[in-house]
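> Below is the file my_file.txt, which contains compact mmCIF, C-alpha atoms.
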```txt
# COMPACT_ATOMS: atom_id res chain seq x y z
CA ASP A 1 23.79 9.08 49.87
CA VAL A 2 20.29 7.55 49.60
CA TYR A 3 17.54 8.25 52.17
CA ASN A 4 13.97 7.06 52.57
CA PRO A 5 11.03 9.53 52.73
CA ASP A 6 11.42 9.72 56.52
CA GLY A 7 15.01 10.90 56.15
CA ASP A 8 16.64 7.68 57.28
CA LEU A 9 19.95 6.83 55.60
CA LEU A 10 19.61 3.72 53.46
CA ILE A 11 22.79 3.60 51.42
CA SER A 12 25.97 5.62 51.67
CA THR A 13 27.89 6.13 48.43
CA ASP A 14 30.77 8.24 47.24
CA TYR A 15 29.01 9.34 44.03
CA ASP A 16 28.76 13.03 43.18
CA GLU A 17 25.20 12.69 41.85
CA ILE A 18 22.51 10.04 41.41
CA GLU A 19 19.48 10.20 39.10
CA ASP A 20 16.83 7.83 37.72
CA PHE A 21 17.61 6.17 34.41
CA ASP A 22 14.13 6.34 32.87
CA ASP A 23 12.25 3.00 32.71
CA PHE A 24 15.20 0.65 33.12
CA GLU A 25 14.96 0.40 36.94
CA LEU A 26 18.53 1.66 37.13
CA TYR A 27 20.28 4.70 38.49
CA LYS A 28 22.68 6.84 36.54
CA VAL A 29 25.58 7.76 38.83
CA TYR A 30 28.23 10.46 38.41
CA LYS A 31 31.78 10.71 39.76
CA ASP A 32 34.57 13.05 38.68
CA ASN A 33 32.74 13.95 35.43
CA PHE A 34 32.24 10.31 34.46
CA ILE A 35 29.00 8.32 34.36
CA GLY A 36 28.03 4.75 35.24
CA LEU A 37 24.93 2.71 36.02
CA VAL A 38 23.85 0.84 39.13
CA ASN A 39 20.76 -1.23 39.86
CA LEU A 40 18.23 -0.54 42.59
CA GLN A 41 20.48 -2.35 45.08
CA PHE A 42 23.34 -0.09 43.96
CA GLU A 43 25.24 -2.97 42.43
CA VAL A 44 27.38 -1.83 39.52
CA VAL A 45 25.84 -2.42 36.08
CA LEU A 46 28.23 -0.20 34.14
CA PRO A 47 31.35 1.21 35.79
CA VAL A 48 31.76 4.96 36.14
CA VAL A 49 34.08 5.35 33.15
CA TYR A 50 31.80 6.77 30.42
CA SER A 51 31.24 10.30 29.21
CA GLU A 52 27.66 9.63 28.03
CA ILE A 53 25.08 6.89 28.66
CA GLU A 54 21.75 6.78 26.82
CA ILE A 55 18.80 4.49 26.15
CA CYS A 56 18.51 3.31 22.55
CA GLY A 57 15.35 1.26 22.08
CA ILE A 58 15.66 -1.72 24.41
CA PHE A 59 19.43 -1.30 24.67
CA ILE A 60 21.91 0.91 26.50
CA ILE A 61 24.63 2.75 24.62
CA ALA A 62 27.63 4.27 26.36
CA LYS A 63 30.37 6.56 25.08
CA LYS A 64 34.03 6.35 26.03
CA ASP A 65 36.97 8.07 24.32
CA GLU A 66 34.55 9.39 21.65
CA GLN A 67 33.42 5.86 20.71
CA TRP A 68 30.12 4.15 21.51
CA GLY A 69 29.52 0.66 22.90
CA LEU A 70 26.36 -1.42 23.16
CA PHE A 71 24.93 -3.15 26.26
CA ASN A 72 21.73 -4.84 27.28
CA LYS A 73 19.71 -3.58 30.22
CA ASP A 74 21.69 -5.83 32.58
CA GLY A 75 24.95 -4.30 31.48
CA VAL A 76 26.08 -7.30 29.42
CA VAL A 77 28.51 -6.11 26.76
CA LEU A 78 27.14 -6.60 23.24
CA SER A 79 29.84 -4.47 21.69
CA GLU A 80 32.86 -2.69 23.09
CA THR A 81 33.14 1.06 22.55
CA VAL A 82 34.30 0.89 18.93
CA PHE A 83 31.54 2.68 16.96
CA SER A 84 31.38 6.33 16.01
CA GLU A 85 27.55 6.24 16.07
CA ILE A 86 24.77 3.96 17.30
CA GLU A 87 21.14 4.83 16.65
CA LEU A 88 17.78 3.17 16.04
CA PHE A 89 17.40 1.86 12.49
CA LYS A 90 14.80 4.18 11.00
CA SER A 91 11.83 2.41 9.38
CA TYR A 92 8.04 2.73 9.28
CA ASP A 93 7.84 -1.08 9.24
CA SER A 94 7.40 -2.69 12.66
CA ASN A 95 9.59 -5.60 11.49
CA TRP A 96 12.59 -3.39 12.24
CA LYS A 97 11.61 -2.23 15.72
CA ASN A 98 14.63 -2.02 18.07
CA TRP A 99 17.13 -2.75 15.29
CA LEU A 100 20.23 -0.56 15.52
CA LEU A 101 22.28 1.19 12.87
CA ILE A 102 25.98 1.34 13.71
CA LYS A 103 28.77 3.33 12.08
CA LYS A 104 32.49 2.77 12.08
CA ASP A 105 35.05 4.46 9.82
CA GLU A 106 32.11 6.08 7.99
CA LYS A 107 30.62 2.68 7.11
CA CYS A 108 27.23 1.32 8.26
CA GLY A 109 26.18 -1.99 9.76
CA LEU A 110 23.24 -3.44 11.73
CA TYR A 111 22.46 -5.07 15.05
CA ASN A 112 19.17 -6.94 15.26
CA ASP A 113 16.64 -6.64 18.06
CA LEU A 114 18.35 -9.50 19.92
CA GLY A 115 21.57 -7.53 20.14
CA LYS A 116 23.33 -9.65 17.50
CA LEU A 117 25.59 -8.12 14.87
CA VAL A 118 24.07 -9.19 11.52
CA VAL A 119 25.72 -6.71 9.15
CA ASN A 120 29.31 -5.61 9.64
CA PRO A 121 30.04 -1.90 9.07
CA MET A 122 30.89 -2.08 5.36
CA TYR A 123 28.22 -0.06 3.50
CA ASP A 124 27.84 3.64 2.81
CA SER A 125 24.19 3.51 3.93
CA LEU A 126 21.40 1.06 4.75
CA THR A 127 17.64 1.44 4.22
CA SER A 128 14.76 -0.90 5.07
CA CYS A 129 12.64 -2.15 2.18
CA ASP A 130 9.78 -4.50 3.08
CA GLU A 131 11.48 -7.37 4.96
CA PHE A 132 14.85 -6.63 3.34
CA VAL A 133 17.63 -4.06 3.62
CA ILE A 134 18.86 -2.02 0.66
CA THR A 135 22.62 -1.57 0.85
CA ILE A 136 24.44 1.27 -0.87
CA LEU A 137 28.11 1.02 -1.70
CA GLU A 138 29.87 3.44 -4.03
CA GLU A 139 26.47 4.73 -5.24
CA LYS A 140 25.29 1.27 -6.29
CA GLN A 141 22.47 -0.55 -4.52
CA GLY A 142 22.21 -4.16 -3.40
CA LEU A 143 19.94 -6.23 -1.18
CA ILE A 144 20.38 -8.33 1.96
CA ASN A 145 17.94 -10.20 4.19
CA LYS A 146 17.48 -9.89 7.95
CA GLU A 147 20.22 -12.45 8.54
CA GLY A 148 22.68 -10.33 6.59
CA LEU A 149 22.76 -12.75 3.63
CA ILE A 150 23.52 -10.97 0.37
CA LEU A 151 20.63 -11.47 -2.07
CA LEU A 152 21.66 -8.93 -4.72
CA GLU A 153 25.14 -7.54 -5.23
CA ASN A 154 25.69 -3.78 -5.30
CA GLN A 155 25.21 -3.19 -9.02
CA TYR A 156 21.78 -1.53 -9.28
CA ASP A 157 20.98 2.13 -9.78
CA ASN A 158 17.78 1.84 -7.75
CA ILE A 159 15.90 -0.77 -5.74
CA GLU A 160 12.43 -0.01 -4.40
CA SER A 161 9.36 -1.75 -3.07
CA LEU A 162 6.32 -2.01 -5.33
CA ARG A 163 4.29 -1.81 -2.10
CA ASN A 164 2.23 -4.92 -2.76
CA GLY A 165 3.94 -7.14 -0.21
CA HIS A 166 5.27 -9.39 -2.98
CA ASN A 167 7.73 -7.57 -5.22
CA LEU A 168 10.65 -5.19 -5.50
CA LYS A 169 11.73 -3.32 -8.62
CA CYS A 170 15.45 -3.34 -9.43
CA GLN A 171 16.79 -0.93 -12.05
CA ILE A 172 20.00 -0.80 -14.03
CA GLU A 173 20.13 2.15 -16.41
CA ASN A 174 16.80 1.94 -18.28
CA LYS A 175 16.10 -1.71 -17.47
CA SER A 176 13.63 -2.70 -14.74
CA TYR A 177 13.77 -6.21 -13.25
CA LEU A 178 11.19 -7.90 -11.02
CA PHE A 179 12.26 -9.40 -7.67
CA LEU A 180 9.98 -11.98 -6.03
CA ASN A 181 9.97 -11.52 -2.26
CA ASP A 182 8.59 -14.97 -1.47
CA THR A 183 11.13 -16.98 -3.47
CA LEU A 184 14.02 -14.44 -3.36
CA LEU A 185 14.33 -14.67 -7.16
CA LEU A 186 15.29 -11.89 -9.54
CA LEU A 187 13.66 -12.62 -12.91
CA GLU A 188 15.88 -12.42 -15.98
CA GLN A 189 13.26 -10.66 -18.11
CA TYR A 190 13.55 -6.88 -17.99
CA TYR A 191 11.14 -4.10 -18.94
CA ASP A 192 11.29 -0.38 -19.62
CA SER A 193 9.16 0.17 -16.52
CA ILE A 194 7.22 -1.79 -13.87
CA GLU A 195 4.51 -0.29 -11.66
CA LYS A 196 1.96 -1.62 -9.18
CA LEU A 197 -1.63 -1.63 -10.44
CA THR A 198 -3.28 -3.81 -7.78
CA ASN A 199 -1.84 -5.88 -4.92
CA CYS A 200 -1.85 -8.84 -7.32
CA HIS A 201 -1.01 -7.19 -10.66
CA LEU A 202 1.69 -5.02 -12.18
CA THR A 203 1.81 -3.01 -15.37
CA ALA A 204 4.99 -3.39 -17.38
CA LYS A 205 6.10 -1.41 -20.42
CA VAL A 206 8.10 -2.56 -23.43
CA GLY A 207 8.72 0.11 -26.02
CA ASP A 208 5.50 2.09 -26.43
CA HIS A 209 3.15 -0.62 -25.18
CA TYR A 210 1.97 -1.92 -21.82
CA GLY A 211 1.21 -5.43 -20.66
CA LEU A 212 0.02 -6.88 -17.35
CA LEU A 213 2.01 -9.20 -15.05
CA ASP A 214 0.95 -11.08 -11.95
CA ILE A 215 3.17 -11.07 -8.85
CA THR A 216 5.15 -14.08 -10.13
CA GLY A 217 6.01 -12.27 -13.36
CA HIS A 218 3.56 -14.29 -15.47
CA LEU A 219 2.20 -12.31 -18.44
CA CYS A 220 -1.57 -11.87 -18.10
CA ILE A 221 -2.21 -9.28 -20.83
CA PRO A 222 0.06 -9.02 -23.89
CA PHE A 223 2.12 -5.93 -24.70
CA GLU A 224 -0.38 -4.41 -27.13
CA TYR A 225 -1.92 -1.50 -25.26
CA ASP A 226 -1.30 2.20 -24.66
CA GLN A 227 -2.71 2.11 -21.12
CA ILE A 228 -4.09 -0.47 -18.67
CA ASP A 229 -6.38 0.19 -15.69
CA MET A 230 -8.47 -2.09 -13.52
CA ILE A 231 -12.24 -2.21 -14.05
CA CYS A 232 -13.39 -4.79 -11.50
CA HIS A 233 -12.79 -7.97 -9.52
CA LEU A 234 -15.62 -10.34 -10.47
CA ASP A 235 -17.53 -12.80 -8.31
CA ASP A 236 -15.80 -15.76 -10.00
CA ASP A 237 -12.43 -14.36 -8.76
CA SER A 238 -11.43 -13.14 -12.19
CA TYR A 239 -10.21 -9.63 -12.90
CA VAL A 240 -11.28 -7.40 -15.77
CA PHE A 241 -9.06 -4.57 -16.98
CA LYS A 242 -9.65 -1.58 -19.20
CA CYS A 243 -7.07 -1.53 -21.96
CA LYS A 244 -6.64 1.46 -24.26
CA LYS A 245 -5.54 0.96 -27.85
CA ASN A 246 -5.50 3.49 -30.69
CA GLY A 247 -7.61 5.92 -28.69
CA TYR A 248 -10.34 3.43 -27.75
CA VAL A 249 -10.74 1.07 -24.81
CA CYS A 250 -11.62 -2.59 -24.50
CA ALA A 251 -12.40 -4.83 -21.52
CA PHE A 252 -9.90 -7.69 -21.03
CA ASP A 253 -10.76 -10.68 -18.79
CA ILE A 254 -7.47 -12.24 -17.67
CA GLN A 255 -9.11 -15.52 -16.67
CA LYS A 256 -10.61 -15.93 -20.16
CA GLN A 257 -7.43 -14.47 -21.67
CA LYS A 258 -9.31 -12.36 -24.19
CA GLU A 259 -11.05 -9.07 -24.85
CA ILE A 260 -14.65 -9.50 -23.72
CA ILE A 261 -15.61 -6.07 -25.06
CA SER A 262 -13.78 -4.89 -28.17
CA ALA A 263 -11.90 -1.60 -28.36
CA ASN A 264 -14.73 0.46 -29.85
CA TYR A 265 -15.55 2.78 -26.94
CA ASP A 266 -14.24 5.87 -25.17
CA ASP A 267 -14.69 4.31 -21.72
CA ILE A 268 -15.98 1.16 -20.04
CA LYS A 269 -17.12 0.50 -16.46
CA HIS A 270 -18.56 -2.46 -14.60
CA ILE A 271 -22.26 -2.22 -13.71
CA ALA A 272 -23.38 -5.52 -12.12
CA GLY A 273 -22.75 -9.24 -11.93
CA ASN A 274 -20.24 -10.85 -14.25
CA ASP A 275 -21.78 -9.67 -17.51
CA LEU A 276 -23.20 -6.13 -17.33
CA TYR A 277 -21.03 -3.15 -18.27
CA GLY A 278 -21.51 0.47 -19.17
CA VAL A 279 -19.88 1.63 -22.40
CA LYS A 280 -19.29 5.26 -23.32
CA SER A 281 -19.14 6.90 -26.71
CA ASN A 282 -19.35 10.60 -27.56
CA ASP A 283 -20.02 11.50 -23.90
CA CYS A 284 -23.02 9.16 -23.65
CA TRP A 285 -23.38 5.78 -21.96
CA GLY A 286 -25.16 2.59 -22.96
CA LEU A 287 -25.67 -0.79 -21.30
CA TYR A 288 -23.67 -3.75 -22.62
CA LYS A 289 -24.33 -7.42 -21.85
CA LEU A 290 -21.55 -9.85 -22.70
CA ASP A 291 -23.68 -12.48 -24.41
CA LYS A 292 -25.80 -9.93 -26.34
CA GLY A 293 -23.70 -6.81 -26.88
CA LEU A 294 -25.39 -3.42 -26.56
CA ILE A 295 -28.87 -3.80 -25.05
CA THR A 296 -29.71 -0.06 -24.97
CA ASN A 297 -28.98 2.92 -27.11
CA VAL A 298 -25.88 4.89 -26.15
CA LYS A 299 -27.81 7.93 -24.96
CA TYR A 300 -27.48 8.28 -21.18
CA SER A 301 -25.41 11.00 -19.52
CA GLN A 302 -24.83 8.69 -16.50
CA ILE A 303 -25.34 5.01 -15.77
CA THR A 304 -24.87 3.44 -12.32
CA PHE A 305 -25.87 0.20 -10.61
CA LYS A 306 -28.50 0.92 -7.93
CA ASN A 307 -29.63 -2.41 -6.43
CA ASP A 308 -30.19 -6.06 -7.29
CA ASP A 309 -32.63 -5.40 -10.12
CA THR A 310 -32.34 -1.73 -11.03
CA ILE A 311 -29.82 0.46 -12.85
CA ALA A 312 -29.95 4.24 -12.37
CA VAL A 313 -29.50 6.36 -15.49
CA SER A 314 -29.98 9.96 -16.51
CA ILE A 315 -30.67 11.75 -19.75
CA ILE A 316 -30.53 15.42 -20.70
CA GLU A 317 -33.53 17.01 -22.40
CA ASP A 318 -33.44 20.71 -23.30
CA GLY A 319 -30.64 21.23 -20.82
CA VAL A 320 -32.54 19.51 -17.99
CA VAL A 321 -31.11 16.36 -16.35
CA LEU A 322 -33.82 13.71 -15.95
CA GLN A 323 -33.25 10.72 -13.65
CA GLY A 324 -34.58 7.31 -14.60
CA HIS A 325 -34.08 3.57 -14.25
CA LEU A 326 -33.48 0.45 -16.30
CA ASP A 327 -34.12 -3.16 -15.46
CA MET A 328 -31.32 -5.69 -15.80
CA ASN A 329 -32.29 -6.33 -19.43
CA GLY A 330 -31.91 -2.68 -20.37
CA ASN A 331 -35.61 -1.82 -20.46
CA GLU A 332 -36.60 1.64 -19.23
CA VAL A 333 -38.92 1.24 -16.24
CA PHE A 334 -40.87 3.45 -13.87
CA SER A 335 -38.78 4.81 -11.03
CA SER A 336 -41.64 4.85 -8.53
CA GLU A 337 -45.39 4.47 -8.28
CA MET A 338 -48.14 5.27 -5.74
CA LYS A 339 -51.60 3.69 -5.59
CA SER A 340 -54.72 5.54 -4.47
CA GLU A 341 -57.70 4.04 -2.64
CA ASP A 342 -59.75 4.01 -5.85
CA GLY A 343 -57.11 2.07 -7.80
CA LEU A 344 -55.34 4.87 -9.65
CA TYR A 345 -51.57 4.98 -9.94
CA ILE A 346 -49.15 7.89 -9.95
CA LYS A 347 -45.98 6.82 -11.72
CA GLU A 348 -42.62 8.52 -12.21
CA PHE A 349 -40.65 8.03 -15.42
CA PHE A 350 -37.44 10.03 -16.07
CA GLY A 351 -38.50 13.02 -14.01
CA LYS A 352 -42.00 13.03 -15.48
CA TRP A 353 -45.13 12.15 -13.54
CA GLY A 354 -48.41 10.75 -14.85
CA VAL A 355 -51.61 9.02 -13.71
CA TYR A 356 -52.68 5.53 -14.86
CA ASN A 357 -55.56 3.20 -14.14
CA GLU A 358 -55.22 -0.42 -13.10
CA LYS A 359 -55.11 -1.51 -16.77
CA GLY A 360 -52.15 0.80 -17.44
CA ASP A 361 -54.15 3.27 -19.49
CA ILE A 362 -52.87 6.84 -19.34
CA LEU A 363 -55.27 9.18 -17.57
CA LEU A 364 -52.88 12.11 -17.22
CA PRO A 365 -49.85 12.03 -19.54
CA LEU A 366 -46.33 12.24 -18.20
CA GLU A 367 -45.12 15.75 -17.58
CA ILE A 368 -41.95 17.16 -15.98
CA MET A 369 -42.63 18.22 -12.41
CA GLU A 370 -40.99 17.96 -9.02
CA SER A 371 -43.59 15.55 -7.60
CA MET A 372 -47.24 14.48 -7.74
CA SER A 373 -49.60 13.18 -5.07
CA PHE A 374 -53.28 12.31 -4.62
```
Show the structure stored in the file as structure tokens.

Amino acid sequence: DVYNPDGDLLISTDYDEIEDFDDFELYKVYKDNFIGLVNLQFEVVLPVVYSEIEICGIFIIAKKDEQWGLFNKDGVVLSETVFSEIELFKSYDSNWKNWLLIKKDEKCGLYNDLGKLVVNPMYDSLTSCDEFVITILEEKQGLINKEGLILLENQYDNIESLRNGHNLKCQIENKSYLFLNDTLLLLEQYYDSIEKLTNCHLTAKVGDHYGLLDITGHLCIPFEYDQIDMICHLDDDSYVFKCKKNGYVCAFDIQKQKEIISANYDDIKHIAGNDLYGVKSNDCWGLYKLDKGLITNVKYSQITFKNDDTIAVSIIEDGVVLQGHLDMNGNEVFSSEMKSEDGLYIKEFFGKWGVYNEKGDILLPLEIMESMSF
């Protein structure tokens, strides 16, 4: 029976036990070792004929004669008790929230978050992959969409997301094919491997050489290189990549469709703007400008962009690392200066300090020291 806090009888029932059913505003009721559900007015939602009743996402599942059925929170039957298992479809992607994996005769199917059967129990297993579902049947993988439409038959050894929001990789033996998520197309061209490099670019391998594809499968860099890595995304919305060939690296601009720095260096990195790069050879760096080539000697142990008009560099003299600066034309410049009341200047140049007059004449020559002041 049900009583209010004052002990007054509100409802008399013949149930053996009554308990809250979590957040569904229902009561779970027991009678003769069976379970049912009633609403807050004690109107029957599910009759007392089940051995187990549980919440599964936004749905109710109930077990009878060792088989599970599916119901909404109002007790409307979405499926009779015909499944051996019903559970939430496991995925880290919120697109699959409240989807249900069902099993019958050891085969898997899916209900969507509206309680509609979209995939009949016919696969050995199902796994989410971006906005698709990978199906496995007799150890071969296929692909379906959220409506259950078959996009790829079960003939692939492996299907996986390239985690760029645009592509899947589909493999048969040693062949890798590119699937376009937006157009649902599987390209006919195959490669030895395909891997994500950026959200917009993929490296592909043919034989011993790598090339670069965009997300539509268009070839951006030819298959001529031993390795491809990104250098920078320029202001003009072009991308520059570091491509290694025969032990040396070049810089390849995919908008210009050419090597903008030839493969003569051990390493290349972007410094500033659309035209300044650092190039490395024999463990030393130099500054390279696209329209002029090298504009410094390759002698710096480090080179890094500092601000709009200064590049930080360092050199090593007698085992001591000396910090200095270049202007944007590659000229070595003073790192700092301080003016006294009588017009003298203390200037720092690669870890050395000296004193100059207003004409720039040296009064005290540059020497290595921690600091100098008036």
> So, with all atoms listed in the file as the atoms that count, which of A:Ser314, A:Phe24, A:Val118, A:Lys104 lies closest to Gly75 of chain A?
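Answer, going by the shortest atom-to-atom distance: A:Phe24.
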> Choose the residue, out of A:Cys250, A:Leu234, A:Ile215, A:Ile18, that has the smallest atom-to-atom separation from Asn274 of chain A; count all atoms listed in the file.
A:Leu234
> Could you jot down the atom CA of Leu322 of chain A to atom CA of Gly273 of chain A separation for me, Å, one decimal place?
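According to the coordinates, atom CA of Leu322 of chain A and atom CA of Gly273 of chain A are separated by 25.8 Å.
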> Just to confirm, what's the straight-line distance from atom CA of Gly360 of chain A to atom CA of Phe334 of chain A in Å (one decimal)?
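That distance, rounded to one decimal, is 12.1 Å.
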> Between atom CA of Glu66 of chain A and atom CA of Val45 of chain A, what is the spacing in Å?
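So the two atoms, atom CA of Val45 of chain A and atom CA of Glu66 of chain A, lie 20.6 Å apart.
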> Which residue is closest to Glu106 of chain A? Choose from A:Leu363, A:Leu137, A:Leu326, A:Ala272 and count only C-alpha atoms.
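For Glu106 of chain A, the nearest of the given residues is A:Leu137.
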> Mind running segment 239-282 of chain A against segment 198-211 of chain A at 10 Å and telling me each contacting residue's nearest atom pair with the distance in Å (one decimal), counting all atoms listed in the file, chain and number ascending, as a Markdown table?

```
| residue | atom | partner | partner_atom | distance |
| --- | --- | --- | --- | --- |
| A:Tyr239 | CA | A:His201 | CA | 9.8 |
| A:Cys243 | CA | A:Tyr210 | CA | 9.0 |
| A:Lys244 | CA | A:Tyr210 | CA | 9.6 |
| A:Lys245 | CA | A:His209 | CA | 9.2 |
```
> Which residues are near Val320 of chain A? Cut-off 12 Å, only C-alpha atoms, ignore same chain within fewer than 3 positions. Put them as a list in words.
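Here the qualifying residues turn out to be Ser301, Ser314, Ile315, Ile316, Glu317, Gln323, Phe350, Gly351, Lys352, Ile368 and Met369 of chain A.
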